[in-house]
Amino acid sequence: MPVIDVHTHMFTQKWLELLKREGAPYKTKIRPDGQEEVFRGDTPVVIPQKGHFDYELRIKHMDSAGIDISIVSLTCPNVYWGNEDVSSRAARESNDTMAEAQTKYPDRIRWFTSLPWEYPQRAVEELRRTCDNGAVGM
């Protein structure tokens with residue numbers, strides 16, 4: 001029986017750069033240990049790790065943990081921080097990268113789509129597009 005991790009997170013560099021440029025109230029700060037961390041105001045949200053960006057490293061970790069398939073998704077603050085255009089671009093960037101990973105590693109990676117929920121029409125459009133591109137859930 002295959003072991004499936006249904007809750008693991010990935011980012012993309014382009015998504016992180018978009019968050020840095022247009023993600024108010026989110027911002028990044030460099031921690032005392034030199035790592036970059038995402039904050040909402042003064043509240044820490046997430047520390048992006050190397051494994052959040054590198055699917056080959058993700059698969060190496062999966063192998064060492066005995067995981068056959070990982071279902072990846074974008075973690076907070078996801079795509080819920082921009083205006084309609086920014087949130088939609090953030091969703092497309094993340095979703096397209098995860099779709100590419102599933103194509104490259106079809107026996108190992110599946111993905112949940114991220115949707116710009118606060119913009120219902122755009123969310124429906126992205127849901128249709130990403131279902132057509134292989135998303136297994138949201």
# chains A, B, ... in the order shown; residues from 1 in each chain; ligands from 1
$ residues_around --residues "Glu125 in chain A" --least-positions-apart "3" --cutoff "12 Å" --atoms "only C-alpha atoms" --output "PyMOL selection string"
chain A and resi 88+91-92+113-117+119-122+128-132
$ select_by_dssp --residues "chain A" --states "alpha helix (DSSP H)" --output "JSON, numbers by chain"
{"A": [13, 14, 15, 16, 17, 18, 19, 20, 21, 22, 55, 56, 57, 58, 59, 60, 61, 62, 63, 64, 65, 84, 85, 86, 87, 88, 89, 90, 91, 92, 93, 94, 95, 96, 97, 98, 99, 100, 101, 102, 103, 104, 120, 121, 122, 123, 124, 125, 126, 127, 128, 129, 130, 131, 132]}
$ closest_residue --among "A:Ile47, A:Phe112, A:Asp96, A:His9" --to "Asp33 in chain A" --atoms "only C-alpha atoms"
A:Ile47
$ closest_residue --among "A:Gln35, A:Asn78, A:Thr8, A:Gln102" --to "Val136 in chain A" --atoms "only C-alpha atoms"
A:Gln102
$ closest_residue --among "A:Lys104, A:Arg89, A:Arg40, A:Lys20" --to "Cys76 in chain A" --atoms "only C-alpha atoms"
A:Arg40
$ residues_around --residues "Met98 in chain A" --least-positions-apart "5" --cutoff "12 Å" --atoms "only C-alpha atoms" --output "PyMOL selection string"
chain A and resi 9-12+15+52-55+70-74+91-93+103-106+108-114+130+133-136
$ write_last_selection --atoms "C-alpha atoms" --output "PDB file, in the first residue's frame"
ATOM      1  CA  HIS A   9       4.051  22.732   1.340  1.00  0.00           C
ATOM      2  CA  MET A  10       6.007  24.208  -1.540  1.00  0.00           C
ATOM      3  CA  PHE A  11       6.768  27.770  -2.654  1.00  0.00           C
ATOM      4  CA  THR A  12       8.228  29.312  -5.774  1.00  0.00           C
ATOM      5  CA  TRP A  15       5.695  33.808  -5.701  1.00  0.00           C
ATOM      6  CA  HIS A  52      10.061  24.517  -0.017  1.00  0.00           C
ATOM      7  CA  PHE A  53      11.569  25.435  -3.407  1.00  0.00           C
ATOM      8  CA  ASP A  54      13.401  22.290  -4.516  1.00  0.00           C
ATOM      9  CA  TYR A  55      11.394  19.277  -5.721  1.00  0.00           C
ATOM     10  CA  SER A  70       3.285  13.887  -1.698  1.00  0.00           C
ATOM     11  CA  ILE A  71       0.358  16.169  -2.355  1.00  0.00           C
ATOM     12  CA  VAL A  72       1.871  19.650  -2.269  1.00  0.00           C
ATOM     13  CA  SER A  73       0.152  22.942  -1.668  1.00  0.00           C
ATOM     14  CA  LEU A  74       1.010  26.560  -1.040  1.00  0.00           C
ATOM     15  CA  ALA A  91      -2.221  31.734  -7.795  1.00  0.00           C
ATOM     16  CA  ARG A  92      -1.182  31.127 -11.395  1.00  0.00           C
ATOM     17  CA  GLU A  93       2.515  31.212 -10.512  1.00  0.00           C
ATOM     18  CA  THR A 103       4.476  16.414 -14.898  1.00  0.00           C
ATOM     19  CA  LYS A 104       8.181  16.007 -14.117  1.00  0.00           C
ATOM     20  CA  TYR A 105       7.589  13.583 -11.209  1.00  0.00           C
ATOM     21  CA  PRO A 106       4.295  11.870 -12.127  1.00  0.00           C
ATOM     22  CA  ARG A 108       5.707  11.150  -6.768  1.00  0.00           C
ATOM     23  CA  ILE A 109       4.020  14.577  -6.808  1.00  0.00           C
ATOM     24  CA  ARG A 110       0.375  15.654  -6.874  1.00  0.00           C
ATOM     25  CA  TRP A 111      -0.919  19.118  -5.966  1.00  0.00           C
ATOM     26  CA  PHE A 112      -3.776  21.130  -4.520  1.00  0.00           C
ATOM     27  CA  THR A 113      -4.674  24.333  -6.343  1.00  0.00           C
ATOM     28  CA  SER A 114      -4.589  27.737  -4.677  1.00  0.00           C
ATOM     29  CA  THR A 130      -6.033  24.080 -12.739  1.00  0.00           C
ATOM     30  CA  ASN A 133      -3.891  21.042 -15.605  1.00  0.00           C
ATOM     31  CA  GLY A 134      -4.029  18.159 -13.127  1.00  0.00           C
ATOM     32  CA  ALA A 135      -4.829  19.566  -9.683  1.00  0.00           C
ATOM     33  CA  VAL A 136      -6.167  16.811  -7.427  1.00  0.00           C
TER      34      VAL A 136
END
$ residues_around --residues "Pro77 in chain A" --least-positions-apart "3" --cutoff "8 Å" --atoms "only C-alpha atoms" --output "count of residues only"
3
